[in-house]
$ cat structure-v8.csv   # CSV, C-alpha atoms
chain,number,residue,atom,x,y,z
A,1,MET,CA,-16.0,36.9,8.8
A,2,SER,CA,-16.7,40.5,8.0
A,3,PRO,CA,-17.8,42.6,9.9
A,4,THR,CA,-16.0,40.9,12.9
A,5,LEU,CA,-12.8,40.4,11.0
A,6,ASP,CA,-11.4,41.8,7.8
A,7,PRO,CA,-8.5,40.8,5.7
A,8,GLY,CA,-5.2,41.8,7.3
A,9,ASP,CA,-6.6,41.8,10.9
A,10,TYR,CA,-4.6,39.9,13.5
A,11,VAL,CA,-6.0,37.4,15.9
A,12,ILE,CA,-4.4,35.9,19.0
A,13,VAL,CA,-5.6,32.4,19.6
A,14,ASN,CA,-5.9,30.8,23.0
A,15,THR,CA,-5.0,27.2,22.3
A,16,TRP,CA,-5.7,26.3,25.9
A,17,ALA,CA,-9.3,27.6,25.8
A,18,TYR,CA,-10.8,24.2,25.4
A,19,ARG,CA,-8.8,22.2,27.9
A,20,ARG,CA,-11.4,22.6,30.6
A,21,ARG,CA,-14.5,23.2,28.6
A,22,GLU,CA,-15.8,22.4,25.1
A,23,PRO,CA,-16.4,24.9,22.3
A,24,ALA,CA,-19.7,26.6,22.7
A,25,ILE,CA,-22.1,28.2,20.2
A,26,GLY,CA,-21.0,31.7,19.3
A,27,ASP,CA,-17.3,31.1,20.0
A,28,LEU,CA,-14.9,32.5,17.4
A,29,VAL,CA,-12.4,29.8,16.7
A,30,VAL,CA,-9.4,29.0,14.5
A,31,LEU,CA,-9.5,25.5,13.0
A,32,ARG,CA,-7.6,23.4,10.5
A,33,HIS,CA,-9.2,23.1,7.1
A,34,PRO,CA,-10.8,19.7,6.8
A,35,GLN,CA,-9.6,19.2,3.3
A,36,TYR,CA,-6.5,21.3,2.8
A,37,GLU,CA,-3.6,20.4,5.0
A,38,GLY,CA,-1.8,23.3,6.5
A,39,ARG,CA,-4.6,25.8,5.9
A,40,PHE,CA,-6.2,27.5,8.8
A,41,LEU,CA,-9.7,28.9,9.0
A,42,CYS,CA,-11.4,31.4,11.3
A,43,LYS,CA,-15.0,30.7,11.9
A,44,ARG,CA,-17.8,30.9,14.5
A,45,ILE,CA,-19.3,27.8,16.2
A,46,ALA,CA,-22.9,27.5,15.0
A,47,ALA,CA,-24.0,24.3,16.5
A,48,VAL,CA,-22.7,21.6,18.8
A,49,PRO,CA,-24.3,18.3,18.1
A,50,GLU,CA,-24.0,15.5,20.6
A,51,SER,CA,-21.8,13.4,18.2
A,52,GLY,CA,-18.7,15.6,18.9
A,53,LEU,CA,-18.9,17.2,15.5
A,54,TYR,CA,-19.1,21.0,15.4
A,55,SER,CA,-20.8,23.1,12.8
A,56,VAL,CA,-19.1,26.4,11.9
A,57,ARG,CA,-20.3,29.5,10.1
A,58,GLY,CA,-18.8,32.7,8.7
A,59,ASP,CA,-20.3,35.9,10.0
A,60,ASN,CA,-20.8,37.3,6.6
A,61,GLU,CA,-23.5,34.8,5.6
A,62,SER,CA,-24.0,36.0,2.0
A,63,VAL,CA,-20.5,35.4,0.8
A,64,SER,CA,-18.8,33.1,3.3
A,65,LEU,CA,-18.4,29.5,2.4
A,66,ASP,CA,-18.5,27.5,5.6
A,67,GLY,CA,-19.5,24.3,7.3
A,68,ARG,CA,-22.4,23.9,4.9
A,69,SER,CA,-19.8,23.4,2.2
A,70,PHE,CA,-17.5,21.0,4.0
A,71,GLY,CA,-19.7,19.4,6.7
A,72,PRO,CA,-19.3,19.3,10.4
A,73,ILE,CA,-15.9,19.7,11.9
A,74,PRO,CA,-14.4,17.0,14.2
A,75,ARG,CA,-13.3,18.3,17.6
A,76,PRO,CA,-9.5,17.7,17.0
A,77,LEU,CA,-9.5,20.2,14.1
A,78,ILE,CA,-10.4,23.1,16.4
A,79,ILE,CA,-7.1,24.7,17.5
A,80,GLY,CA,-8.4,27.3,19.9
A,81,ARG,CA,-10.5,30.3,20.6
A,82,VAL,CA,-9.8,33.7,19.3
A,83,TRP,CA,-8.8,35.6,22.5
A,84,LEU,CA,-8.1,39.0,21.0
A,85,SER,CA,-8.4,40.5,17.5
A,86,ALA,CA,-6.7,43.6,16.2
A,87,LYS,CA,-8.3,45.6,13.4
A,88,ALA,CA,-6.0,47.1,10.8
A,89,GLY,CA,-7.4,50.5,11.8
A,90,ARG,CA,-7.9,51.6,8.2
A,91,ARG,CA,-10.9,53.3,6.7
A,92,ARG,CA,-13.7,51.1,5.6
A,93,ALA,CA,-13.7,50.2,2.0
A,94,ARG,CA,-16.0,52.4,0.0
A,95,THR,CA,-18.6,50.2,-1.6
A,96,PRO,CA,-21.1,51.4,-4.1
A,97,GLU,CA,-23.7,51.3,-1.3
A,98,SER,CA,-21.7,53.5,0.9
A,99,LEU,CA,-21.2,56.0,-1.9
A,100,SER,CA,-24.9,56.3,-2.7
B,101,MET,CA,-6.7,48.9,18.3
B,102,ALA,CA,-4.6,50.4,15.5
B,103,LEU,CA,-1.7,50.5,18.0
B,104,LEU,CA,-2.1,46.8,18.8
B,105,HIS,CA,-2.3,46.1,15.1
B,106,SER,CA,0.9,47.9,14.5
B,107,PHE,CA,2.6,46.1,17.3
B,108,LEU,CA,1.4,42.7,16.0
B,109,LYS,CA,2.5,43.7,12.5
B,110,MET,CA,5.9,44.4,13.8
B,111,LEU,CA,6.0,41.0,15.6
B,112,ASP,CA,4.7,39.4,12.4
B,113,ARG,CA,7.8,40.7,10.6
B,114,VAL,CA,10.1,39.3,13.2
B,115,SER,CA,8.4,36.0,13.6
B,116,PRO,CA,5.7,35.5,10.8
B,117,ALA,CA,2.4,34.3,12.1
B,118,LYS,CA,0.3,31.7,10.3
B,119,ALA,CA,-2.6,33.0,8.2
B,120,ALA,CA,-6.2,31.9,9.0
B,121,TYR,CA,-8.7,32.3,6.2
B,122,ALA,CA,-12.2,33.3,6.8
B,123,HIS,CA,-13.3,32.3,3.3
B,124,CYS,CA,-12.5,28.9,1.8
B,125,ASP,CA,-13.0,27.7,-1.7
B,126,ILE,CA,-15.4,24.8,-2.0
B,127,PRO,CA,-12.8,22.1,-2.8
B,128,CYS,CA,-15.0,20.4,-5.4
B,129,GLY,CA,-12.0,19.1,-7.3
B,130,ILE,CA,-13.8,19.3,-10.6
B,131,TYR,CA,-11.7,21.1,-13.2
B,132,ASP,CA,-11.3,20.6,-16.9
B,133,PRO,CA,-9.6,22.7,-19.5
B,134,HIS,CA,-12.3,21.7,-22.0
B,135,HIS,CA,-14.4,24.7,-21.2
B,136,ALA,CA,-11.6,27.1,-22.2
B,137,GLN,CA,-10.8,25.0,-25.3
B,138,LEU,CA,-14.5,25.1,-26.3
B,139,ALA,CA,-14.6,28.9,-25.7
B,140,ALA,CA,-11.6,29.3,-28.0
B,141,HIS,CA,-13.3,27.3,-30.7
B,142,THR,CA,-16.4,29.5,-30.4
B,143,VAL,CA,-14.2,32.7,-30.8
B,144,ILE,CA,-12.7,31.2,-34.0
B,145,ARG,CA,-16.1,30.2,-35.3
B,146,MET,CA,-17.5,33.7,-34.7
B,147,ILE,CA,-14.6,35.3,-36.6
B,148,ASP,CA,-15.2,32.8,-39.4
B,149,LEU,CA,-18.9,33.8,-39.5
B,150,ILE,CA,-18.1,37.5,-39.4
B,151,GLY,CA,-15.8,37.0,-42.4
B,152,GLN,CA,-18.5,35.1,-44.3
B,153,LEU,CA,-21.0,37.9,-43.7
B,154,GLU,CA,-21.8,39.8,-46.9
B,155,LYS,CA,-21.2,43.5,-46.3
B,156,PRO,CA,-24.0,45.8,-47.5
B,157,GLY,CA,-22.9,47.7,-50.6
B,158,PRO,CA,-23.8,51.3,-51.5
B,159,SER,CA,-27.0,50.2,-53.1
B,160,ALA,CA,-28.2,48.1,-50.1
B,161,THR,CA,-31.7,48.7,-48.8
B,162,PRO,CA,-32.2,49.8,-45.1
B,163,GLU,CA,-33.5,46.3,-44.4
B,164,GLN,CA,-30.4,44.7,-45.8
B,165,ARG,CA,-28.2,47.0,-43.7
B,166,GLN,CA,-30.3,46.3,-40.6
B,167,GLU,CA,-30.0,42.6,-41.2
B,168,TYR,CA,-26.2,42.9,-41.6
B,169,MET,CA,-25.9,45.0,-38.4
B,170,ALA,CA,-28.1,42.5,-36.4
B,171,LYS,CA,-26.0,39.5,-37.5
B,172,LEU,CA,-22.7,41.3,-36.9
B,173,SER,CA,-23.8,42.4,-33.5
B,174,ARG,CA,-24.8,38.8,-32.5
B,175,TYR,CA,-21.5,37.4,-33.7
B,176,VAL,CA,-19.5,40.1,-31.9
B,177,LEU,CA,-21.5,39.6,-28.7
B,178,VAL,CA,-20.9,35.9,-28.6
B,179,LYS,CA,-17.3,36.3,-29.5
B,180,GLU,CA,-16.9,38.8,-26.6
B,181,GLN,CA,-18.7,36.5,-24.2
B,182,HIS,CA,-16.7,33.4,-25.0
B,183,ALA,CA,-13.4,35.2,-24.9
B,184,GLU,CA,-14.3,36.2,-21.4
B,185,ILE,CA,-15.4,32.6,-20.5
B,186,TYR,CA,-12.0,31.5,-21.9
B,187,LYS,CA,-10.2,34.0,-19.6
B,188,SER,CA,-12.3,33.1,-16.6
B,189,GLU,CA,-11.7,29.3,-17.1
B,190,ILE,CA,-8.0,29.8,-17.4
B,191,ARG,CA,-7.9,31.9,-14.2
B,192,ILE,CA,-9.9,29.1,-12.4
B,193,LEU,CA,-7.4,26.5,-13.5
B,194,TRP,CA,-4.5,28.7,-12.5
B,195,GLY,CA,-5.8,30.0,-9.2
B,196,ASP,CA,-7.7,26.9,-8.0
B,197,TYR,CA,-6.4,23.8,-9.7
B,198,PHE,CA,-2.7,24.2,-10.2
B,199,LYS,CA,-0.6,23.9,-7.1
B,200,PRO,CA,3.0,25.1,-6.4
B,201,GLU,CA,4.4,21.6,-7.2
B,202,HIS,CA,2.8,21.7,-10.6
B,203,ALA,CA,4.5,25.0,-11.3
B,204,GLN,CA,7.8,23.5,-10.2
B,205,GLN,CA,7.3,20.5,-12.4
B,206,PHE,CA,6.2,22.6,-15.4
B,207,PRO,CA,8.2,25.9,-15.1
B,208,GLN,CA,6.6,27.3,-18.2
B,209,LEU,CA,3.1,27.2,-16.6
B,210,HIS,CA,2.9,30.8,-15.3
B,211,ASP,CA,4.2,32.2,-18.6
B,212,LEU,CA,1.7,30.0,-20.5
B,213,VAL,CA,-1.2,31.3,-18.4
B,214,TRP,CA,0.0,34.9,-18.9
B,215,LYS,CA,0.2,34.4,-22.7
B,216,SER,CA,-3.3,32.7,-22.7
B,217,LEU,CA,-4.9,35.6,-20.9
B,218,LYS,CA,-3.2,38.1,-23.3
B,219,ALA,CA,-4.4,36.0,-26.2
B,220,GLY,CA,-7.9,36.0,-24.7
B,221,SER,CA,-7.9,39.8,-24.5
B,222,LYS,CA,-6.7,40.2,-28.1
B,223,GLY,CA,-9.3,37.7,-29.3
B,224,ARG,CA,-11.9,39.7,-27.5
B,225,GLN,CA,-10.8,43.1,-28.7
B,226,GLU,CA,-10.2,42.4,-32.3
B,227,ILE,CA,-11.7,40.5,-35.2
B,228,ASN,CA,-8.5,38.6,-35.6
B,229,LEU,CA,-8.3,35.0,-36.7
B,230,LEU,CA,-4.7,34.6,-35.7
B,231,ALA,CA,-5.4,35.9,-32.2
B,232,ALA,CA,-8.3,33.4,-31.8
B,233,GLU,CA,-6.1,30.6,-33.1
B,234,ASP,CA,-3.4,31.6,-30.6
B,235,MET,CA,-6.0,31.3,-27.8
B,236,LEU,CA,-6.6,27.7,-28.8
B,237,LYS,CA,-2.9,27.0,-29.1
B,238,GLN,CA,-2.1,28.3,-25.6
B,239,VAL,CA,-5.0,26.5,-24.0
B,240,ASN,CA,-4.0,23.3,-25.7
B,241,GLU,CA,-0.6,23.5,-24.1
B,242,ILE,CA,-2.3,24.2,-20.7
B,243,ALA,CA,-4.5,21.1,-21.3
B,244,THR,CA,-1.5,18.9,-22.0
B,245,ILE,CA,0.0,20.0,-18.7
B,246,PHE,CA,-3.3,19.7,-16.9
B,247,TRP,CA,-3.8,16.1,-18.0
B,248,LYS,CA,-0.1,15.3,-17.2
B,249,THR,CA,-0.6,16.4,-13.6
B,250,LYS,CA,-3.4,13.9,-13.4
B,251,GLY,CA,-1.4,11.1,-15.1
B,252,VAL,CA,-3.7,11.0,-18.1
B,253,PRO,CA,-2.1,10.8,-21.5
B,254,THR,CA,-3.4,13.0,-24.3
B,255,HIS,CA,-3.6,13.1,-28.0
B,256,SER,CA,-4.2,15.9,-30.5
B,257,ALA,CA,-7.0,15.6,-33.0
B,258,LYS,CA,-9.1,17.8,-35.3
B,259,ALA,CA,-12.1,19.0,-33.4
B,260,PRO,CA,-15.4,17.7,-34.7
B,261,TYR,CA,-16.8,21.2,-35.1
B,262,PRO,CA,-17.0,23.5,-38.1
B,263,THR,CA,-13.7,25.1,-36.8
B,264,GLY,CA,-11.9,21.7,-37.2
B,265,ARG,CA,-8.7,22.9,-35.5
B,266,GLU,CA,-6.2,20.6,-33.7
B,267,THR,CA,-7.3,20.2,-30.1
B,268,VAL,CA,-5.8,18.3,-27.2
B,269,TYR,CA,-8.0,15.6,-25.7
B,270,PRO,CA,-7.4,13.3,-22.8
B,271,ASN,CA,-7.2,9.5,-23.4
B,272,ILE,CA,-9.9,8.5,-21.0
B,273,GLY,CA,-11.8,5.2,-21.1
$ encode --input "structure-v8.csv" --output "structure tokens"
Amino acid sequence: MSPTLDPGDYVIVNTWAYRRREPAIGDLVVLRHPQYEGRFLCKRIAAVPESGLYSVRGDNESVSLDGRSFGPIPRPLIIGRVWLSAKAGRRRARTPESLS
Amino acid sequence: MALLHSFLKMLDRVSPAKAAYAHCDIPCGIYDPHHAQLAAHTVIRMIDLIGQLEKPGPSATPEQRQEYMAKLSRYVLVKEQHAEIYKSEIRILWGDYFKPEHAQQFPQLHDLVWKSLKAGSKGRQEINLLAAEDMLKQVNEIATIFWKTKGVPTHSAKAPYPTGRETVYPNIG
């Protein structure tokens, strides 16, 4: 999810967010992994087809493995919307690009 | 934001929050220790070939020396590559395939993986037949555990390659 989120960041999830409305494109959500029980994922809603299945994507497209790997997500797997995120406040990792 | 993060970190210590991952492995479910076993055989074979190479004597021509160097370089290169493939395959099995319940069922698993990786490094660094054979021995033990976790019985047989060492195979079909 970089640059939106980095490892170690905290997110506070509003599990009531979708009581009155449905997830919308662009929402940052936490969902249950479709294949691994007990594993949670943090992704962005990319498409809302009419069938009630949601496509999700990572923000860092080049490295993130997302809905294209495990298919559309059924609505009940979406736990809630990220209400607040807290960055770790550390310096950005020095990549070879940033050093050049 | 750093303040909020510190506050949440403190809360996390008191009442641990669940982790949400932004990256997920593709759960392809396709794993097999055979890649690592094959890589160990290749390392053994390269060491055999290096041993069979005739070293150029003091009266060797420049062409003979060149030919020797070229062959030696190729064998060493392949040995290095396959020792690395071996290590990579072991890491994939360990990190992606084996689950905590497997480690509980086979308490020797972590130590075995550790020994395999050490053997892989030694096999890569040195021209050492014993180290290469140790690579195969360790991965055979991992293969036995791997197939047990899938409920597949195994047998040990001489591999149908020039290396001909004992190798663990699953009884499939």
$ residues_around --input "structure-v8.csv" --residues "segment 204-212 of chain B" --least-positions-apart "2" --cutoff "10 Å" --atoms "all atoms listed in the file" --output "count of residues only"
19
$ atom_distance --input "structure-v8.csv" --atom1 "atom CA of Lys109 of chain B" --atom2 "atom CA of Tyr10 of chain A"
8.1 Å
$ residues_around --input "structure-v8.csv" --residues "segment 163-170 of chain B" --least-positions-apart "4" --cutoff "8 Å" --atoms "all atoms listed in the file" --output "PyMOL selection string"
chain B and resi 153-156+174
$ write_last_selection --input "structure-v8.csv" --atoms "C-alpha atoms" --output "compact mmCIF listing (two decimals), in the frame of the given file"
# COMPACT_ATOMS: atom_id res chain seq x y z
CA LEU B 153 -21.00 37.90 -43.70
CA GLU B 154 -21.80 39.80 -46.90
CA LYS B 155 -21.20 43.50 -46.30
CA PRO B 156 -24.00 45.80 -47.50
CA ARG B 174 -24.80 38.80 -32.50
$ closest_residue --input "structure-v8.csv" --among "A:Val11, A:Leu77, A:Ile25, A:Val48" --to "chain B" --atoms "only C-alpha atoms"
A:Val11
$ closest_residue --input "structure-v8.csv" --among "A:Pro76, A:Cys42, A:Ala24, A:Ala47" --to "chain B" --atoms "only C-alpha atoms"
A:Cys42
$ closest_residue --input "structure-v8.csv" --among "B:Ile227, B:Thr263, B:Thr254, B:Leu193" --to "Ile130 of chain B" --atoms "only C-alpha atoms"
B:Leu193
$ residues_around --input "structure-v8.csv" --residues "Ala119 of chain B" --least-positions-apart "2" --cutoff "7 Å" --atoms "only C-alpha atoms" --output "NGL selection string"
(:A and (40)) or (:B and (117 or 121))
$ closest_residue --input "structure-v8.csv" --among "B:Ser115, B:Gln152, B:Ser173, B:Ser106" --to "chain A" --atoms "all atoms listed in the file"
B:Ser106
$ closest_residue --input "structure-v8.csv" --among "A:Pro72, A:Pro34, A:Gly26, A:Gly52" --to "chain B" --atoms "only C-alpha atoms"
A:Pro34
$ closest_residue --input "structure-v8.csv" --among "A:Lys87, A:Arg20, A:Arg75, A:Arg81" --to "chain B" --atoms "all atoms listed in the file"
A:Lys87
$ atom_distance --input "structure-v8.csv" --atom1 "atom CA of Ile272 of chain B" --atom2 "atom CA of Val252 of chain B"
7.3 Å
$ atom_distance --input "structure-v8.csv" --atom1 "atom CA of Leu177 of chain B" --atom2 "atom CA of Tyr197 of chain B"
29.0 Å
$ residues_around --input "structure-v8.csv" --residues "Ile150 of chain B" --least-positions-apart "5" --cutoff "9 Å" --atoms "only C-alpha atoms" --output "number ranges by chain"
B: 145, 171-172, 175-176, 227
$ build_atoms --input "structure-v8.csv" --residues "segment 20-31 of chain A" --atoms "all heavy atoms" --output "compact mmCIF listing (two decimals), in the frame of the given file"
# COMPACT_ATOMS: atom_id res chain seq x y z
N ARG A 20 -10.49 22.89 29.48
CA ARG A 20 -11.40 22.60 30.60
C ARG A 20 -12.87 22.65 30.19
O ARG A 20 -13.73 22.22 30.94
CB ARG A 20 -11.20 23.67 31.69
CG ARG A 20 -9.85 23.49 32.36
CD ARG A 20 -9.82 24.22 33.67
NE ARG A 20 -8.57 23.98 34.36
CZ ARG A 20 -8.21 24.64 35.44
NH1 ARG A 20 -9.01 25.56 35.94
NH2 ARG A 20 -7.06 24.37 36.03
N ARG A 21 -13.13 23.24 29.02
CA ARG A 21 -14.50 23.20 28.60
C ARG A 21 -14.54 23.00 27.05
O ARG A 21 -13.52 23.12 26.37
CB ARG A 21 -15.21 24.55 28.90
CG ARG A 21 -14.72 25.76 28.11
CD ARG A 21 -15.65 26.95 28.38
NE ARG A 21 -15.27 28.12 27.59
CZ ARG A 21 -15.75 28.37 26.38
NH1 ARG A 21 -16.60 27.54 25.81
NH2 ARG A 21 -15.39 29.47 25.73
N GLU A 22 -15.70 22.66 26.54
CA GLU A 22 -15.80 22.40 25.10
C GLU A 22 -16.24 23.65 24.37
O GLU A 22 -16.78 24.59 24.97
CB GLU A 22 -16.95 21.32 24.93
CG GLU A 22 -16.54 19.94 25.43
CD GLU A 22 -15.30 19.41 24.72
OE1 GLU A 22 -15.32 19.32 23.49
OE2 GLU A 22 -14.29 19.13 25.41
N PRO A 23 -15.95 23.72 23.08
CA PRO A 23 -16.40 24.90 22.30
C PRO A 23 -17.89 25.10 22.42
O PRO A 23 -18.65 24.13 22.41
CB PRO A 23 -15.98 24.54 20.88
CG PRO A 23 -14.90 23.53 21.02
CD PRO A 23 -15.22 22.76 22.26
N ALA A 24 -18.30 26.35 22.53
CA ALA A 24 -19.70 26.60 22.70
C ALA A 24 -20.22 27.45 21.48
O ALA A 24 -19.43 28.10 20.78
CB ALA A 24 -19.93 27.45 23.97
N ILE A 25 -21.50 27.41 21.30
CA ILE A 25 -22.10 28.20 20.20
C ILE A 25 -21.74 29.64 20.33
O ILE A 25 -21.84 30.21 21.43
CB ILE A 25 -23.64 27.97 20.18
CG1 ILE A 25 -23.97 26.52 19.81
CG2 ILE A 25 -24.32 28.93 19.20
CD1 ILE A 25 -25.43 26.16 19.92
N GLY A 26 -21.32 30.24 19.26
CA GLY A 26 -21.00 31.70 19.30
C GLY A 26 -19.47 31.91 19.44
O GLY A 26 -19.01 33.02 19.20
N ASP A 27 -18.72 30.89 19.83
CA ASP A 27 -17.30 31.10 20.00
C ASP A 27 -16.62 31.30 18.62
O ASP A 27 -16.94 30.61 17.64
CB ASP A 27 -16.62 29.81 20.60
CG ASP A 27 -16.86 29.70 22.08
OD1 ASP A 27 -17.55 30.58 22.63
OD2 ASP A 27 -16.36 28.73 22.69
N LEU A 28 -15.70 32.27 18.59
CA LEU A 28 -14.90 32.50 17.40
C LEU A 28 -13.67 31.63 17.51
O LEU A 28 -12.91 31.77 18.48
CB LEU A 28 -14.54 33.99 17.34
CG LEU A 28 -13.96 34.56 16.06
CD1 LEU A 28 -14.90 34.31 14.89
CD2 LEU A 28 -13.72 36.05 16.21
N VAL A 29 -13.49 30.72 16.57
CA VAL A 29 -12.40 29.80 16.70
C VAL A 29 -11.51 29.74 15.46
O VAL A 29 -11.93 30.16 14.39
CB VAL A 29 -12.93 28.32 16.95
CG1 VAL A 29 -13.69 28.22 18.25
CG2 VAL A 29 -13.77 27.83 15.78
N VAL A 30 -10.30 29.24 15.63
CA VAL A 30 -9.40 29.00 14.50
C VAL A 30 -9.32 27.44 14.41
O VAL A 30 -9.15 26.76 15.42
CB VAL A 30 -8.04 29.61 14.67
CG1 VAL A 30 -7.04 29.07 13.65
CG2 VAL A 30 -8.14 31.12 14.52
N LEU A 31 -9.50 26.94 13.20
CA LEU A 31 -9.50 25.50 13.00
C LEU A 31 -8.69 25.11 11.79
O LEU A 31 -8.40 25.96 10.94
CB LEU A 31 -10.93 24.97 12.88
CG LEU A 31 -11.77 25.57 11.75
CD1 LEU A 31 -12.44 24.48 10.96
CD2 LEU A 31 -12.82 26.50 12.33
